[in-house]
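Content type JSON, C-alpha atoms, from the file my_file_13.json:
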[["chain", "number", "residue", "atom", "x", "y", "z"],
["A", 3, "MET", "CA", 36.95, -89.87, -58.01],
["A", 4, "SER", "CA", 33.87, -88.64, -59.90],
["A", 5, "HIS", "CA", 31.02, -90.92, -60.95],
["A", 6, "ARG", "CA", 32.13, -90.45, -64.59],
["A", 7, "ASP", "CA", 35.62, -91.68, -63.67],
["A", 8, "ASP", "CA", 34.11, -94.60, -61.72],
["A", 9, "LEU", "CA", 31.99, -95.59, -64.72],
["A", 10, "ARG", "CA", 34.87, -95.37, -67.17],
["A", 11, "GLU", "CA", 37.11, -97.39, -64.85],
["A", 12, "ALA", "CA", 34.41, -100.04, -64.40],
["A", 13, "ALA", "CA", 33.76, -100.24, -68.13],
["A", 14, "ASP", "CA", 37.46, -100.62, -68.89],
["A", 15, "ALA", "CA", 37.96, -103.25, -66.19],
["A", 16, "LEU", "CA", 34.96, -105.32, -67.27],
["A", 17, "GLY", "CA", 35.34, -104.91, -70.98],
["A", 18, "GLY", "CA", 32.29, -102.64, -71.00],
["A", 19, "SER", "CA", 30.08, -105.47, -69.76],
["A", 20, "VAL", "CA", 26.40, -104.78, -70.29],
["A", 21, "VAL", "CA", 23.33, -106.72, -69.21],
["A", 22, "VAL", "CA", 20.01, -106.52, -71.07],
["A", 23, "CYS", "CA", 16.88, -107.27, -69.05],
["A", 24, "GLY", "CA", 13.23, -107.43, -70.07],
["A", 25, "LEU", "CA", 10.44, -106.83, -67.59],
["A", 26, "GLY", "CA", 6.72, -107.46, -67.96],
["A", 27, "ALA", "CA", 5.75, -108.29, -71.54],
["A", 28, "HIS", "CA", 9.32, -107.63, -72.67],
["A", 29, "ALA", "CA", 10.57, -110.57, -70.60],
["A", 30, "ASP", "CA", 8.94, -112.98, -73.06],
["A", 31, "ARG", "CA", 9.90, -110.93, -76.12],
["A", 32, "LEU", "CA", 13.58, -110.74, -75.24],
["A", 33, "ALA", "CA", 14.06, -114.12, -73.59],
["A", 34, "GLY", "CA", 16.61, -116.07, -75.59],
["A", 35, "ALA", "CA", 17.69, -113.05, -77.63],
["A", 36, "GLU", "CA", 21.40, -112.61, -78.21],
["A", 37, "PHE", "CA", 23.07, -109.21, -78.03],
["A", 38, "ARG", "CA", 26.53, -108.33, -79.25],
["A", 39, "ASP", "CA", 28.92, -107.72, -76.34],
["A", 40, "ALA", "CA", 26.06, -107.99, -73.87],
["A", 41, "ARG", "CA", 24.24, -110.78, -72.07],
["A", 42, "TYR", "CA", 20.56, -111.20, -71.32],
["A", 43, "ALA", "CA", 19.33, -111.73, -67.75],
["A", 44, "SER", "CA", 15.81, -112.04, -66.42],
["A", 45, "GLY", "CA", 14.61, -109.96, -63.50],
["A", 46, "ALA", "CA", 14.93, -112.99, -61.24],
["A", 47, "GLU", "CA", 18.51, -113.55, -62.35],
["A", 48, "LEU", "CA", 19.42, -109.95, -61.65],
["A", 49, "LEU", "CA", 17.85, -110.24, -58.21],
["A", 50, "ALA", "CA", 19.93, -113.35, -57.53],
["A", 51, "GLU", "CA", 23.10, -111.59, -58.67],
["A", 52, "ALA", "CA", 22.42, -108.56, -56.50],
["A", 53, "SER", "CA", 21.64, -110.62, -53.40],
["A", 54, "SER", "CA", 24.49, -113.13, -53.72],
["A", 55, "ALA", "CA", 27.66, -112.05, -51.95],
["A", 56, "SER", "CA", 29.46, -115.02, -53.49],
["A", 57, "SER", "CA", 28.60, -114.27, -57.09],
["A", 58, "THR", "CA", 31.49, -115.38, -59.28],
["A", 59, "GLY", "CA", 30.65, -113.18, -62.25],
["A", 60, "PRO", "CA", 31.75, -109.56, -62.54],
["A", 61, "ALA", "CA", 29.20, -106.87, -61.78],
["A", 62, "PRO", "CA", 27.94, -105.21, -64.97],
["A", 63, "ALA", "CA", 28.97, -101.70, -65.91],
["A", 64, "ALA", "CA", 25.47, -101.03, -67.27],
["A", 65, "VAL", "CA", 22.00, -102.55, -67.33],
["A", 66, "VAL", "CA", 19.64, -101.80, -70.21],
["A", 67, "VAL", "CA", 16.12, -102.72, -69.11],
["A", 68, "ALA", "CA", 13.13, -102.90, -71.46],
["A", 69, "LEU", "CA", 9.83, -102.12, -69.80],
["A", 70, "ASP", "CA", 6.45, -100.50, -70.20],
["A", 71, "PRO", "CA", 5.83, -97.62, -67.76],
["A", 72, "GLU", "CA", 2.83, -99.36, -66.18],
["A", 73, "THR", "CA", 5.18, -102.16, -65.14],
["A", 74, "VAL", "CA", 6.78, -99.86, -62.57],
["A", 75, "GLY", "CA", 5.07, -100.18, -59.21],
["A", 76, "GLU", "CA", 2.86, -103.05, -60.36],
["A", 77, "GLY", "CA", 3.89, -106.53, -59.31],
["A", 78, "ALA", "CA", 6.61, -107.72, -56.99],
["A", 79, "GLU", "CA", 8.74, -109.14, -59.81],
["A", 80, "ALA", "CA", 9.27, -105.83, -61.58],
["A", 81, "THR", "CA", 9.72, -103.92, -58.33],
["A", 82, "ASP", "CA", 12.29, -106.43, -57.05],
["A", 83, "ALA", "CA", 14.13, -106.41, -60.39],
["A", 84, "LEU", "CA", 14.42, -102.63, -60.38],
["A", 85, "ARG", "CA", 15.71, -102.72, -56.82],
["A", 86, "ALA", "CA", 18.22, -105.36, -57.85],
["A", 87, "ILE", "CA", 19.44, -103.14, -60.69],
["A", 88, "ASP", "CA", 19.90, -100.31, -58.21],
["A", 89, "ALA", "CA", 21.76, -102.64, -55.83],
["A", 90, "LEU", "CA", 24.16, -103.68, -58.60],
["A", 91, "ASP", "CA", 25.30, -100.05, -58.77],
["A", 92, "ALA", "CA", 25.37, -100.20, -62.56],
["A", 93, "PHE", "CA", 24.40, -97.42, -64.96],
["A", 94, "ALA", "CA", 20.72, -98.24, -65.58],
["A", 95, "VAL", "CA", 18.95, -97.23, -68.79],
["A", 96, "ALA", "CA", 15.25, -97.94, -69.27],
["A", 97, "VAL", "CA", 14.12, -98.33, -72.88],
["A", 98, "VAL", "CA", 10.43, -97.47, -73.01],
["A", 99, "PRO", "CA", 7.82, -97.43, -75.81],
["A", 100, "ALA", "CA", 7.19, -93.73, -76.43],
["A", 101, "ALA", "CA", 3.44, -94.22, -76.93],
["A", 102, "ALA", "CA", 3.11, -95.40, -73.32],
["A", 103, "ALA", "CA", 5.42, -92.79, -71.77],
["A", 104, "GLU", "CA", 3.03, -90.27, -70.27],
["A", 105, "GLY", "CA", 2.88, -88.10, -67.15],
["A", 106, "ASP", "CA", 3.08, -89.96, -63.86],
["A", 107, "ALA", "CA", 4.02, -93.24, -65.54],
["A", 108, "LEU", "CA", 7.08, -91.69, -67.16],
["A", 109, "ALA", "CA", 7.99, -89.94, -63.90],
["A", 110, "ALA", "CA", 7.88, -93.27, -62.06],
["A", 111, "VAL", "CA", 10.26, -94.80, -64.59],
["A", 112, "ARG", "CA", 12.68, -91.89, -64.24],
["A", 113, "GLU", "CA", 12.75, -92.37, -60.46],
["A", 114, "SER", "CA", 13.65, -96.05, -60.85],
["A", 115, "VAL", "CA", 16.63, -95.80, -63.23],
["A", 116, "ASP", "CA", 19.45, -93.44, -64.18],
["A", 117, "ALA", "CA", 18.17, -92.64, -67.66],
["A", 118, "VAL", "CA", 15.15, -93.12, -69.93],
["A", 119, "LEU", "CA", 15.37, -93.77, -73.67],
["A", 120, "LEU", "CA", 12.17, -93.60, -75.71],
["A", 121, "ALA", "CA", 11.67, -96.10, -78.54],
["A", 122, "GLU", "CA", 9.39, -95.80, -81.55],
["A", 123, "GLY", "CA", 6.23, -97.90, -81.28],
["A", 124, "ASP", "CA", 7.00, -101.40, -80.05],
["A", 125, "ALA", "CA", 10.52, -101.37, -81.51],
["A", 126, "VAL", "CA", 12.14, -101.69, -78.09],
["A", 127, "GLU", "CA", 14.51, -104.49, -79.06],
["A", 128, "ALA", "CA", 15.66, -102.59, -82.15],
["A", 129, "ALA", "CA", 16.26, -99.50, -80.01],
["A", 130, "ILE", "CA", 18.35, -101.53, -77.55],
["A", 131, "ARG", "CA", 20.46, -102.95, -80.37],
["A", 132, "ALA", "CA", 21.00, -99.51, -81.90],
["A", 133, "PHE", "CA", 21.95, -98.05, -78.52],
["A", 134, "LEU", "CA", 24.42, -100.87, -77.80],
["A", 135, "ALA", "CA", 25.96, -100.51, -81.26],
["A", 136, "THR", "CA", 26.40, -96.79, -80.67],
["A", 137, "VAL", "CA", 28.34, -97.18, -77.43],
["A", 138, "GLN", "CA", 30.16, -100.44, -78.11],
["A", 139, "GLU", "CA", 31.22, -100.75, -81.74],
["A", 140, "PRO", "CA", 34.85, -99.67, -82.32],
["A", 141, "GLY", "CA", 35.60, -96.92, -84.80],
["A", 142, "PHE", "CA", 37.94, -94.10, -85.77],
["A", 143, "VAL", "CA", 36.31, -92.11, -82.93],
["A", 144, "ASN", "CA", 34.86, -94.34, -80.21],
["A", 145, "LEU", "CA", 31.79, -93.68, -78.10],
["A", 146, "ASP", "CA", 31.39, -95.47, -74.77],
["A", 147, "LEU", "CA", 29.19, -95.79, -71.70],
["A", 148, "THR", "CA", 30.62, -92.65, -70.17],
["A", 149, "ASP", "CA", 29.60, -90.65, -73.24],
["A", 150, "ALA", "CA", 26.13, -92.19, -73.02],
["A", 151, "GLU", "CA", 25.82, -91.24, -69.36],
["A", 152, "THR", "CA", 26.89, -87.67, -70.11],
["A", 153, "VAL", "CA", 24.20, -87.26, -72.76],
["A", 154, "LEU", "CA", 21.43, -89.20, -71.03],
["A", 155, "SER", "CA", 21.87, -87.21, -67.82],
["A", 156, "ALA", "CA", 20.35, -84.26, -69.70],
["A", 157, "GLY", "CA", 16.86, -85.76, -69.28],
["A", 158, "VAL", "CA", 14.45, -87.97, -71.22],
["A", 159, "ALA", "CA", 16.08, -89.10, -74.46],
["A", 160, "ALA", "CA", 14.91, -90.58, -77.74],
["A", 161, "LEU", "CA", 16.65, -92.65, -80.40],
["A", 162, "GLY", "CA", 16.48, -92.23, -84.14],
["A", 163, "THR", "CA", 18.37, -93.83, -87.03],
["A", 164, "GLY", "CA", 18.73, -92.78, -90.63],
["A", 165, "ALA", "CA", 20.72, -93.52, -93.75],
["A", 166, "ALA", "CA", 21.35, -91.99, -97.14],
["A", 167, "ASP", "CA", 23.79, -91.93, -100.03],
["A", 168, "ARG", "CA", 27.29, -91.20, -98.75],
["A", 169, "ASP", "CA", 27.23, -87.85, -100.56],
["A", 170, "ASP", "CA", 24.08, -86.71, -98.72],
["A", 171, "PRO", "CA", 24.93, -86.52, -94.98],
["A", 172, "SER", "CA", 22.21, -83.92, -94.36],
["A", 173, "VAL", "CA", 19.62, -86.34, -95.78],
["A", 174, "ALA", "CA", 20.80, -89.08, -93.41],
["A", 175, "VAL", "CA", 20.53, -86.66, -90.46],
["A", 176, "ALA", "CA", 17.05, -85.54, -91.54],
["A", 177, "SER", "CA", 16.00, -89.20, -91.79],
["A", 178, "ALA", "CA", 17.30, -89.92, -88.27],
["A", 179, "PHE", "CA", 15.42, -86.96, -86.79],
["A", 180, "ASP", "CA", 12.27, -87.92, -88.69],
["A", 181, "ARG", "CA", 12.47, -91.41, -87.17],
["A", 182, "LEU", "CA", 12.48, -90.17, -83.59],
["A", 183, "PRO", "CA", 9.36, -91.46, -81.81],
["A", 184, "ASP", "CA", 6.08, -89.66, -82.49],
["A", 185, "GLY", "CA", 5.47, -86.85, -80.04],
["A", 186, "VAL", "CA", 9.16, -86.08, -79.49],
["A", 187, "ASP", "CA", 10.24, -82.48, -80.02],
["A", 188, "ALA", "CA", 14.02, -82.34, -80.35],
["A", 189, "ALA", "CA", 14.32, -78.65, -81.21],
["A", 190, "GLU", "CA", 15.35, -77.75, -77.66],
["A", 191, "ALA", "CA", 17.43, -80.86, -76.96],
["A", 192, "SER", "CA", 20.29, -80.12, -74.59],
["A", 193, "ALA", "CA", 22.57, -83.04, -75.50],
["A", 194, "VAL", "CA", 23.01, -85.38, -78.46],
["A", 195, "LEU", "CA", 25.04, -88.53, -78.98],
["A", 196, "VAL", "CA", 25.83, -88.92, -82.69],
["A", 197, "ASP", "CA", 27.27, -92.07, -84.26],
["A", 198, "VAL", "CA", 28.27, -91.88, -87.93],
["A", 199, "VAL", "CA", 28.89, -95.07, -89.93],
["A", 200, "VAL", "CA", 30.54, -94.71, -93.34],
["A", 201, "ASP", "CA", 31.82, -97.02, -96.04],
["A", 202, "PRO", "CA", 35.59, -97.41, -96.64],
["A", 203, "ALA", "CA", 35.54, -95.00, -99.58],
["A", 204, "THR", "CA", 33.92, -92.14, -97.66],
["A", 205, "SER", "CA", 36.06, -89.37, -96.26],
["A", 206, "ILE", "CA", 36.10, -88.90, -92.51],
["A", 207, "ALA", "CA", 35.18, -85.31, -93.31],
["A", 208, "ALA", "CA", 31.64, -86.61, -93.91],
["A", 209, "ALA", "CA", 31.31, -86.94, -90.15],
["A", 210, "THR", "CA", 31.95, -83.19, -89.85],
["A", 211, "ASP", "CA", 29.12, -82.56, -92.29],
["A", 212, "VAL", "CA", 26.83, -84.81, -90.22],
["A", 213, "ILE", "CA", 27.62, -82.92, -87.01],
["A", 214, "ALA", "CA", 26.97, -79.59, -88.75],
["A", 215, "ALA", "CA", 23.59, -80.88, -89.96],
["A", 216, "VAL", "CA", 22.70, -82.10, -86.46],
["A", 217, "ARG", "CA", 23.60, -78.73, -84.93],
["A", 218, "GLU", "CA", 21.24, -76.98, -87.34],
["A", 219, "ARG", "CA", 18.33, -78.85, -85.74],
["A", 220, "ILE", "CA", 19.10, -78.29, -82.05],
["A", 221, "GLY", "CA", 19.92, -75.40, -79.72],
["A", 222, "ALA", "CA", 23.21, -73.58, -80.12],
["A", 223, "ASP", "CA", 24.24, -74.50, -76.55],
["A", 224, "ALA", "CA", 23.46, -78.21, -76.84],
["A", 225, "ASN", "CA", 26.26, -80.61, -75.94],
["A", 226, "VAL", "CA", 27.12, -82.82, -78.94],
["A", 227, "ILE", "CA", 29.31, -85.90, -78.49],
["A", 228, "TRP", "CA", 30.08, -87.84, -81.65],
["A", 229, "GLY", "CA", 31.79, -90.95, -82.82],
["A", 230, "GLY", "CA", 32.39, -92.63, -86.14],
["A", 231, "ALA", "CA", 33.12, -96.02, -87.61],
["A", 232, "VAL", "CA", 33.83, -97.63, -90.98],
["A", 233, "ASP", "CA", 31.60, -100.48, -92.11],
["A", 234, "GLU", "CA", 33.10, -102.59, -94.86],
["A", 235, "ALA", "CA", 29.62, -103.72, -95.92],
["A", 236, "ALA", "CA", 28.14, -100.21, -96.17],
["A", 237, "ALA", "CA", 28.76, -99.64, -99.86],
["A", 238, "ASP", "CA", 28.00, -96.05, -100.95],
["A", 239, "GLU", "CA", 25.93, -95.49, -97.80],
["A", 240, "LEU", "CA", 26.25, -93.27, -94.77],
["A", 241, "ALA", "CA", 24.25, -94.11, -91.62],
["A", 242, "VAL", "CA", 23.51, -91.98, -88.58],
["A", 243, "ARG", "CA", 22.39, -93.05, -85.11],
["A", 244, "LEU", "CA", 21.15, -90.32, -82.76],
["A", 245, "VAL", "CA", 20.45, -90.33, -79.04],
["A", 246, "VAL", "CA", 18.78, -86.97, -78.42],
["A", 247, "ALA", "CA", 18.37, -86.00, -74.76],
["A", 248, "GLY", "CA", 16.54, -83.27, -72.92],
["A", 249, "VAL", "CA", 13.63, -83.63, -75.34],
["A", 250, "ARG", "CA", 10.02, -82.81, -74.72],
["A", 251, "HIS", "CA", 7.53, -85.59, -75.30],
["A", 252, "ALA", "CA", 3.79, -85.41, -75.80],
["A", 253, "PRO", "CA", 2.01, -88.45, -77.28],
["A", 254, "PRO", "CA", 0.23, -87.63, -80.56],
["A", 255, "LEU", "CA", -3.35, -86.48, -80.20],
["A", 256, "SER", "CA", -6.30, -88.31, -81.72],
["A", 257, "ALA", "CA", -9.90, -87.47, -82.51],
["A", 258, "GLY", "CA", -11.88, -87.31, -79.26],
["A", 259, "ASP", "CA", -8.91, -86.23, -77.13],
["A", 260, "PRO", "CA", -9.34, -82.99, -75.15],
["A", 261, "CYS", "CA", -8.31, -79.86, -77.01],
["A", 262, "PRO", "CA", -5.06, -78.54, -75.50],
["A", 263, "ARG", "CA", -6.51, -75.02, -75.59],
["A", 264, "CYS", "CA", -10.07, -75.36, -74.26],
["A", 265, "GLY", "CA", -10.54, -79.01, -73.28],
["A", 266, "GLU", "CA", -13.39, -79.80, -75.67],
["A", 267, "PRO", "CA", -13.18, -83.03, -77.74],
["A", 268, "LEU", "CA", -11.15, -82.76, -80.93],
["A", 269, "ALA", "CA", -12.68, -83.64, -84.29],
["A", 270, "SER", "CA", -10.93, -85.18, -87.28],
["A", 271, "TYR", "CA", -11.27, -83.73, -90.79],
["A", 272, "ARG", "CA", -9.78, -85.12, -93.99],
["A", 273, "PHE", "CA", -8.55, -82.93, -96.83],
["A", 274, "GLY", "CA", -7.49, -85.20, -99.65],
["A", 275, "ALA", "CA", -4.78, -87.46, -98.32],
["A", 276, "ARG", "CA", -4.19, -85.36, -95.21],
["A", 277, "GLU", "CA", -6.05, -85.77, -91.94],
["A", 278, "THR", "CA", -6.17, -82.79, -89.57],
["A", 279, "LEU", "CA", -7.44, -82.45, -86.01],
["A", 280, "SER", "CA", -9.49, -79.43, -85.11],
["A", 281, "CYS", "CA", -11.54, -78.07, -82.22],
["A", 282, "ASP", "CA", -15.02, -76.89, -83.20],
["A", 283, "ALA", "CA", -15.34, -74.97, -79.93],
["A", 284, "CYS", "CA", -12.28, -72.69, -80.09],
["A", 285, "GLY", "CA", -10.88, -73.19, -83.58],
["A", 286, "TYR", "CA", -7.64, -74.83, -82.54],
["A", 287, "SER", "CA", -6.43, -76.76, -85.58],
["A", 288, "ASP", "CA", -3.59, -78.21, -87.62],
["A", 289, "ILE", "CA", -2.12, -80.05, -84.65],
["A", 290, "ALA", "CA", -1.51, -83.39, -86.32],
["A", 291, "MET", "CA", 2.23, -82.88, -85.90],
["A", 292, "ARG", "CA", 5.01, -83.23, -83.35],
["A", 293, "ARG", "CA", 4.61, -80.66, -80.66],
["A", 294, "GLY", "CA", 6.06, -79.76, -77.26]]
Encoded form using structure tokens:
Amino acid sequence: MSHRDDLREAADALGGSVVVCGLGAHADRLAGAEFRDARYASGAELLAEASSASSTGPAPAAVVVALDPETVGEGAEATDALRAIDALDAFAVAVVPAAAAEGDALAAVRESVDAVLLAEGDAVEAAIRAFLATVQEPGFVNLDLTDAETVLSAGVAALGTGAADRDDPSVAVASAFDRLPDGVDAAEASAVLVDVVVDPATSIAAATDVIAAVRERIGADANVIWGGAVDEAAADELAVRLVVAGVRHAPPLSAGDPCPRCGEPLASYRFGARETLSCDACGYSDIAMRRG
């Protein structure tokens, strides 16, 4: 039996049970939070579950852990918690603030879990909720943990959400891509999980329009898995949730950072309402944008 089959079987048997865990600063932020169709557990609780042969509760099908990259390898609590997650043999997804996901720190996170999902700014809890809604909420086409594993196995992923009038699916897709974390370049993404939420009056054909708009923004060979649901409360609105994997990520540059071409410090220049970074040494400029 393949790992995909194992995961699907485990999810079906356990009702798709998911555990959310916060490490480091996220332990305090998430403690006491309630998640739909998921339970919260501290790192210590996960360690106890993994080490107890007599545990009466079912093993989770997935663990979504919120952490900052510097947490990995620093402190026994975080290290033990990550080992416990591995020992539980659950699909482990780390949700990480994109601004802190750089170089060796990001590599260390990737070695500790099965998948990494970048969140915008400090919106880690919001990213977790959007991810769980994508893979757990029932619809006319369901997405599940197996679909998530398929997409997230393509490499570092990022999450974006967008909404628009139900007659403008391309606008909703553009909004979702625009709300990917700063520094994420999705143009060469190799896999995308797309969740479309429509109101009762919207044709299911709108989902087809959403998928077409997503495909226009990624490579022709990218694997797209989609699902859709009807929200009775979403009057005249169409919402899109994207998990885009295989993305390149480079944190946005600031004045004083080394020029990517020659290494000299970058300077900041303002032209009206727009601020542009430029290198006085080699002329490199107009880099205040997402880049690979």
*May I ask which of the residues A:Pro260, A:Gly248, A:Gly229, A:Gly164 is the closest one to A:Ile213, counting all atoms listed in the file?*
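The shortest atom-to-atom distance to A:Ile213 comes from A:Gly229.
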*Measuring atom to atom with only C-alpha atoms, identify which of A:Asp180, A:Arg131, A:Leu25, A:Thr204 is nearest to A:Glu79.*
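Closest to A:Glu79 of all the choices is A:Leu25.
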_Using Å and a single decimal, report how far atom CA of A:Ser19 sits from atom CA of A:Ala102._
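Going from atom CA of A:Ala102 over to atom CA of A:Ser19 covers 29.0 Å.
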*To one decimal in Å, tell me the separation between atom CA of A:Arg263 and atom CA of A:Glu104.*
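Atom CA of A:Glu104 lies 18.8 Å from atom CA of A:Arg263.
Nearest residue to A:Ala189 among A:Ala166, A:Ala96, A:Ala203, A:Val246 is A:Val246, counting only C-alpha atoms.
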*Between A:Asp88, A:Asp82, A:Glu127, A:Glu234, single out the one closest to A:Gly24, counting all atoms listed in the file.*
A:Glu127
*Which residues come within 9 Å of A:Arg219, counting all atoms listed in the file, excluding same-chain residues fewer than 6 positions away, as a count of residues only?*
5
*A:Gly285, A:Ala89, A:Val21, A:Ala156: which is nearest A:Ala35, counting only C-alpha atoms?*
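Smallest separation from A:Ala35 among the options: A:Val21.
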*If we count all atoms listed in the file, what is near A:Val216 at a cut-off of 10 Å, once residues fewer than 3 positions away on the same chain are taken out, given as a PyMOL selection string?*
chain A and resi 171-172+175-176+178-179+194+196+210-213+219-221+226+244
*Contacts of A:Val20 at 7 Å (only C-alpha atoms; same-chain gap of 3+ positions) as a list of chain:residue names*: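 So, after excluding close chain neighbours, the residues are A:Ala40, A:Arg41, A:Pro62, A:Ala63, A:Ala64, A:Val65.
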*asked:* One decimal, in Å: what's the spacing between atom CA of A:Ala241 and atom CA of A:Ile227?
replied: 16.3 Å
_From A:Ala209, A:Leu120, A:Leu134, A:Ala129, residue lying nearest A:Pro183 [only C-alpha atoms]_ = A:Leu120
Around all listed atoms of stretch 181-198 of chain A, padded 4 Å per side, what centre and edge lengths does the axis-aligned box have in Å to one decimal, as JSON?
{"center_x": 16.9, "center_y": -84.9, "center_z": -81.3, "size_x": 30.8, "size_y": 22.3, "size_z": 21.3}
